[in-house]
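Student: Could you have a look at this structure, given as structure tokens, before my questions?
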Amino acid sequence: MSLIVQKFGGSSVKDAQRMRNVAGIIAETYLQGNDVLVVLSAQGDTTDDLIAKAEEINPHASKREMDMLLSTGEQVSVALCAMALEAMGLPCVSLAAWQVDIQSTGVHSDARIKRIGTERIQSELDQHRIVLVTGFQGVDRNGDVTTLGRGGSDTSAVALAAAFRADLCQIYTDVDGVYTADPRIVPNARKLDEISYDEMLELASQGAQVLHNRSVELAKKFRVNLEVVSSLERKPGTKVKEVTKVEKTNIAGVAKDTSIAQIALVGLQHDPGVAFQVFDLLSKHDINVDVILQSIGREDTKDITFTVHKKDLAETERILTEHKESLKFEHIETNEKMGKVSIVGAGLMSNCGVAAKMFEALYEAGINIQMINTSEIRVSVLLDEADVNKAVRAVHAKFFDEA
Ligand code: ADP
Ligand code: ASP
Ligand code: MG
């Protein structure tokens, strides 16, 4: 007998018909003799709708109360799915994160799972029940619900798969696998049969929302057998694993991210410790900084330009302005209409022609690059948000259509 973790995303459970479809997939897996641990996201646009409701009441609601609100969406899903399984005569139980004992850090809206108590789920599985768990959430040391960041149900699923040493973790979604680019933007993107953890982690971190980046991080760390599959069609999906067949093309895919804001601190003193002061301050406020560029300004000053998530822009600006005197900068410039396009591929950096090819594609499309950032297996360019989709298409065509 195998233990299979199955996670279904919002579009897969958006209404009664889709919920019954999902119950059918779960039932089939269970009736084949497997133990089944199910993780669900909130139905359809529920999470966005809840955010809109909160904004109507208080646009500056605390993150704690936002988490209290957003975590309800997943509870609705697991209860409804359990009802669908009950209607099919199958033994099941739905559980919220606090009942399962999913322990998380206290960083509201961006928590991490620290530990999962296995007792309750194990006892339910031992009684041959299908167990349905709310994704996207944990409980911190004060007993408060914290959410894991948008798209975080994937991470709940992989964390459970790791905690129970599941034989397989299937992420069911509205696409039939991981593609060389978002098929909604590049209709002729190609489906990958398999992709390495490292490449998938970079793609996810650079905006390919098909998997939450921390889910891939955990899958790699605990060697979880991970698969992305469609809940709507029965076909083989994409396997995410340690080593993959070497593809002829040298990149795995193109990703985009439009959640980027740029901040420039202009006229900082050109002294040691300035960058430390700036980024230490932001890290103490749990603000994640992505691309950083330092340039020499006029006379004895320097400018530091960096990017943060759009949702953190106002807070970052507020914190820096509050510390203007101690940081000693002249002024702040911000731009919240930024985007990032990345190419990812193992072995990319050992082949510098690849980066040139990307820049050529952008040049031919008449797109201006603002900043460039690279890792061992990735090249990213920052550009105007308005150019992002055009850039993804141009870069994808360069690597995949001309191959
Ligand atoms: P779910 O609700 O199931 O979690 P998501 O909307 O979070 O689904 O993720 C699935 C979506 O990810 C797809 O509909 C697709 O538009 C998008 N996507 C972005 N990049 C990729 C990619 N490289 N391959 C497949 N899908 C991608
Ligand atoms: N419901 C949450 C969201 O919309 C979590 C998820 O879908 O994974 O972000
Ligand atoms: Mg998702």
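Chains: A, B, ... in order of the structure tokens. Residues: from 1 per chain. Ligands: from 1, in order shown.
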Which residues are near ligand 1 in this structure, taking near to mean any atom at most 8 Å from a ligand atom and counting only C-alpha atoms and all ligand atoms? Format them as a ChimeraX atom specification.

Tutor: /A:8-12,41,44,151,153-154,171-185,191,203-204,207-212,253-256

Student: Using only C-alpha atoms, what does the table of segment 148-224 of chain A residues within 12 Å of segment 81-101 of chain A look like, with each row giving the shortest atom pair and its distance in Å to one decimal, sorted by chain and ascending number, as a tab-separated table?

Tutor:
residue	atom	partner	partner_atom	distance
A:Leu148	CA	A:Ala97	CA	11.7
A:Ser153	CA	A:Ala97	CA	11.5
A:Ser156	CA	A:Ala97	CA	9.6
A:Ala157	CA	A:Ala97	CA	11.9
A:Leu160	CA	A:Val100	CA	10.3
A:Ala163	CA	A:Asp101	CA	11.9

Student: Could you give me the residues within segment 139-328 of chain A that DSSP places in strand (DSSP E or B), as JSON, numbers by chain?

Tutor: {"A": [139, 145, 146, 147, 168, 169, 170, 171, 172, 173, 179, 191, 194, 195, 196, 226, 227, 228, 229, 230, 238, 239, 240, 241, 253, 254, 255, 256, 257, 258, 259, 260, 261, 262, 263, 264, 265, 266, 267, 268, 269, 289, 290, 291, 292, 293, 294, 295, 296, 301, 302, 303, 304, 305, 306, 307, 308, 309]}

Student: With a distance cut-off of 6 Å and only C-alpha atoms, select the neighbouring residues of segment 213-227 of chain A, excluding the residue or stretch itself and same-chain residues fewer than 3 positions from it, and output the selection as a list in words.

Tutor: Asp154, Thr155, Val158, Ala162, Leu168, Cys169, Gln170, Tyr197, Leu201, Ala204, Ser205, Thr238, Lys239 and Val240 of chain A

Student: Could you please take those selected residues and save N, CA, C and O atoms as a PDB file, in the first residue's frame?

Tutor:
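Writing done, so here's result-v6.pdb:
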ATOM      1  N   ASP A 154       0.570  24.535  -2.065  1.00  0.00           N
ATOM      2  CA  ASP A 154       1.539  23.563  -2.624  1.00  0.00           C
ATOM      3  C   ASP A 154       2.548  23.193  -1.544  1.00  0.00           C
ATOM      4  O   ASP A 154       2.952  22.028  -1.405  1.00  0.00           O
ATOM      5  N   THR A 155       2.956  24.209  -0.781  1.00  0.00           N
ATOM      6  CA  THR A 155       3.956  23.976   0.262  1.00  0.00           C
ATOM      7  C   THR A 155       3.379  23.116   1.386  1.00  0.00           C
ATOM      8  O   THR A 155       4.060  22.236   1.915  1.00  0.00           O
ATOM      9  N   VAL A 158       3.548  19.516   0.098  1.00  0.00           N
ATOM     10  CA  VAL A 158       4.890  18.908   0.080  1.00  0.00           C
ATOM     11  C   VAL A 158       5.392  18.685   1.515  1.00  0.00           C
ATOM     12  O   VAL A 158       6.009  17.671   1.819  1.00  0.00           O
ATOM     13  N   ALA A 162       6.479  15.162   3.014  1.00  0.00           N
ATOM     14  CA  ALA A 162       7.783  14.926   3.645  1.00  0.00           C
ATOM     15  C   ALA A 162       7.586  14.351   5.050  1.00  0.00           C
ATOM     16  O   ALA A 162       8.239  13.375   5.434  1.00  0.00           O
ATOM     17  N   LEU A 168       4.318   9.533  -3.060  1.00  0.00           N
ATOM     18  CA  LEU A 168       4.126  10.460  -4.176  1.00  0.00           C
ATOM     19  C   LEU A 168       3.350  11.682  -3.703  1.00  0.00           C
ATOM     20  O   LEU A 168       2.445  11.563  -2.872  1.00  0.00           O
ATOM     21  N   CYS A 169       3.717  12.855  -4.229  1.00  0.00           N
ATOM     22  CA  CYS A 169       2.954  14.072  -3.945  1.00  0.00           C
ATOM     23  C   CYS A 169       2.500  14.648  -5.278  1.00  0.00           C
ATOM     24  O   CYS A 169       3.316  15.063  -6.103  1.00  0.00           O
ATOM     25  N   GLN A 170       1.200  14.614  -5.510  1.00  0.00           N
ATOM     26  CA  GLN A 170       0.668  15.096  -6.791  1.00  0.00           C
ATOM     27  C   GLN A 170       0.030  16.471  -6.612  1.00  0.00           C
ATOM     28  O   GLN A 170      -0.833  16.647  -5.745  1.00  0.00           O
ATOM     29  N   TYR A 197      14.685  19.678  -9.643  1.00  0.00           N
ATOM     30  CA  TYR A 197      14.278  20.519  -8.507  1.00  0.00           C
ATOM     31  C   TYR A 197      14.888  21.915  -8.656  1.00  0.00           C
ATOM     32  O   TYR A 197      14.223  22.920  -8.425  1.00  0.00           O
ATOM     33  N   LEU A 201      12.798  25.222  -8.979  1.00  0.00           N
ATOM     34  CA  LEU A 201      12.865  26.194  -7.885  1.00  0.00           C
ATOM     35  C   LEU A 201      13.113  27.600  -8.432  1.00  0.00           C
ATOM     36  O   LEU A 201      12.474  28.567  -8.018  1.00  0.00           O
ATOM     37  N   ALA A 204       9.935  28.808 -10.273  1.00  0.00           N
ATOM     38  CA  ALA A 204       8.891  29.176  -9.305  1.00  0.00           C
ATOM     39  C   ALA A 204       9.271  30.466  -8.585  1.00  0.00           C
ATOM     40  O   ALA A 204       8.430  31.348  -8.390  1.00  0.00           O
ATOM     41  N   SER A 205      10.518  30.602  -8.222  1.00  0.00           N
ATOM     42  CA  SER A 205      10.946  31.807  -7.503  1.00  0.00           C
ATOM     43  C   SER A 205      10.879  33.035  -8.402  1.00  0.00           C
ATOM     44  O   SER A 205      10.758  34.154  -7.916  1.00  0.00           O
ATOM     45  N   THR A 238       4.054  16.534 -15.307  1.00  0.00           N
ATOM     46  CA  THR A 238       5.500  16.782 -15.262  1.00  0.00           C
ATOM     47  C   THR A 238       6.048  16.296 -13.933  1.00  0.00           C
ATOM     48  O   THR A 238       5.515  16.624 -12.872  1.00  0.00           O
ATOM     49  N   LYS A 239       7.133  15.525 -14.007  1.00  0.00           N
ATOM     50  CA  LYS A 239       7.780  15.050 -12.779  1.00  0.00           C
ATOM     51  C   LYS A 239       8.884  16.018 -12.377  1.00  0.00           C
ATOM     52  O   LYS A 239       9.677  16.442 -13.230  1.00  0.00           O
ATOM     53  N   VAL A 240       8.927  16.353 -11.105  1.00  0.00           N
ATOM     54  CA  VAL A 240       9.985  17.241 -10.611  1.00  0.00           C
ATOM     55  C   VAL A 240      10.921  16.351  -9.803  1.00  0.00           C
ATOM     56  O   VAL A 240      10.501  15.703  -8.841  1.00  0.00           O
TER      57      VAL A 240
END

Student: Enumerate, as a ChimeraX atom specification, the complete set of residues in segment 165-334 of chain A that a backbone-based DSSP assignment places in alpha helix (DSSP H).

Tutor: /A:197-205,213-221,274-284,313-322,324-327

Student: Between A:Ile296, A:Leu281, A:Met1, A:Leu50, which has the minimum distance to Thr29 of chain A (counting only C-alpha atoms)?

Tutor: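 Under the stated criterion, the closest residue is A:Met1.
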
Student: Can you pull out every residue within 6 Å of Thr134 of chain A, counting only C-alpha atoms, but drop anything in the same chain fewer than 5 positions away, and send it as a list of chain:residue names?

Tutor: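 Once the adjacent positions are removed, what remains is A:Val39, A:Leu40, A:Glu74, A:Gln75, A:Ala96.
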
Student: Could you turn the residues from that selection into a file that holds N, CA and C atoms, as an mmCIF file, in the first residue's frame?

Tutor:
data_model
loop_
_atom_site.group_PDB
_atom_site.id
_atom_site.type_symbol
_atom_site.label_atom_id
_atom_site.label_comp_id
_atom_site.auth_asym_id
_atom_site.auth_seq_id
_atom_site.Cartn_x
_atom_site.Cartn_y
_atom_site.Cartn_z
ATOM 1 N N VAL A 39 -4.803 17.757 0.247
ATOM 2 C CA VAL A 39 -4.636 19.150 0.667
ATOM 3 C C VAL A 39 -5.428 20.002 -0.319
ATOM 4 N N LEU A 40 -6.253 20.903 0.198
ATOM 5 C CA LEU A 40 -7.051 21.739 -0.703
ATOM 6 C C LEU A 40 -6.765 23.216 -0.504
ATOM 7 N N GLU A 74 -9.887 27.858 2.891
ATOM 8 C CA GLU A 74 -9.446 26.462 2.784
ATOM 9 C C GLU A 74 -10.325 25.541 3.644
ATOM 10 N N GLN A 75 -10.822 26.096 4.752
ATOM 11 C CA GLN A 75 -11.672 25.274 5.630
ATOM 12 C C GLN A 75 -12.995 24.934 4.936
ATOM 13 N N ALA A 96 -8.570 21.118 9.961
ATOM 14 C CA ALA A 96 -7.899 22.408 9.781
ATOM 15 C C ALA A 96 -6.483 22.293 10.359
#

Student: Measuring between only C-alpha atoms and all ligand atoms, which one of A:Lys7, A:Lys337, A:Arg190, A:Arg129 shows the shortest distance to ligand 3?

Tutor: A:Lys7

Student: Would you list the contacts of Leu382 of chain A as a PDB file with N, CA, C and O atoms, in the first residue's frame, taking every protein, DNA or RNA residue within 8 Å and counting only C-alpha atoms, but skipping same-chain residues closer than 2 positions in sequence?

Tutor:
ATOM      1  N   MET A 338       7.313  47.860 -12.386  1.00  0.00           N
ATOM      2  CA  MET A 338       8.456  47.092 -12.880  1.00  0.00           C
ATOM      3  C   MET A 338       8.069  45.627 -13.061  1.00  0.00           C
ATOM      4  O   MET A 338       7.144  45.138 -12.430  1.00  0.00           O
ATOM      5  N   GLY A 339       8.808  44.960 -13.907  1.00  0.00           N
ATOM      6  CA  GLY A 339       8.586  43.530 -14.084  1.00  0.00           C
ATOM      7  C   GLY A 339       9.919  42.843 -14.274  1.00  0.00           C
ATOM      8  O   GLY A 339      10.957  43.496 -14.461  1.00  0.00           O
ATOM      9  N   LYS A 340       9.875  41.523 -14.202  1.00  0.00           N
ATOM     10  CA  LYS A 340      11.128  40.768 -14.370  1.00  0.00           C
ATOM     11  C   LYS A 340      10.860  39.577 -15.277  1.00  0.00           C
ATOM     12  O   LYS A 340       9.847  38.896 -15.138  1.00  0.00           O
ATOM     13  N   VAL A 341      11.767  39.343 -16.191  1.00  0.00           N
ATOM     14  CA  VAL A 341      11.679  38.168 -17.059  1.00  0.00           C
ATOM     15  C   VAL A 341      12.959  37.370 -16.873  1.00  0.00           C
ATOM     16  O   VAL A 341      14.060  37.939 -16.867  1.00  0.00           O
ATOM     17  N   ILE A 369      16.275  47.199 -21.190  1.00  0.00           N
ATOM     18  CA  ILE A 369      16.569  46.481 -19.942  1.00  0.00           C
ATOM     19  C   ILE A 369      16.999  47.496 -18.882  1.00  0.00           C
ATOM     20  O   ILE A 369      17.861  48.332 -19.136  1.00  0.00           O
ATOM     21  N   GLN A 370      16.407  47.402 -17.687  1.00  0.00           N
ATOM     22  CA  GLN A 370      16.782  48.328 -16.603  1.00  0.00           C
ATOM     23  C   GLN A 370      17.899  47.772 -15.724  1.00  0.00           C
ATOM     24  O   GLN A 370      18.786  48.493 -15.301  1.00  0.00           O
ATOM     25  N   MET A 371      17.792  46.502 -15.362  1.00  0.00           N
ATOM     26  CA  MET A 371      18.821  45.872 -14.523  1.00  0.00           C
ATOM     27  C   MET A 371      18.952  44.419 -14.966  1.00  0.00           C
ATOM     28  O   MET A 371      18.003  43.847 -15.501  1.00  0.00           O
ATOM     29  N   ILE A 372      20.113  43.856 -14.688  1.00  0.00           N
ATOM     30  CA  ILE A 372      20.336  42.438 -15.018  1.00  0.00           C
ATOM     31  C   ILE A 372      20.824  41.747 -13.759  1.00  0.00           C
ATOM     32  O   ILE A 372      21.583  42.327 -12.978  1.00  0.00           O
ATOM     33  N   SER A 380      18.135  37.008 -15.246  1.00  0.00           N
ATOM     34  CA  SER A 380      16.907  37.797 -15.118  1.00  0.00           C
ATOM     35  C   SER A 380      17.155  39.209 -15.592  1.00  0.00           C
ATOM     36  O   SER A 380      18.228  39.763 -15.350  1.00  0.00           O
ATOM     37  N   ASP A 384      10.239  47.492 -17.799  1.00  0.00           N
ATOM     38  CA  ASP A 384       8.937  48.094 -17.512  1.00  0.00           C
ATOM     39  C   ASP A 384       7.877  47.002 -17.488  1.00  0.00           C
ATOM     40  O   ASP A 384       7.879  46.121 -18.345  1.00  0.00           O
TER      41      ASP A 384
END

Student: How far is it from atom CA of His396 of chain A to atom CA of Val289 of chain A, in Å with one decimal?

Tutor: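 Result for atom CA of His396 of chain A versus atom CA of Val289 of chain A: 27.0 Å, one decimal.
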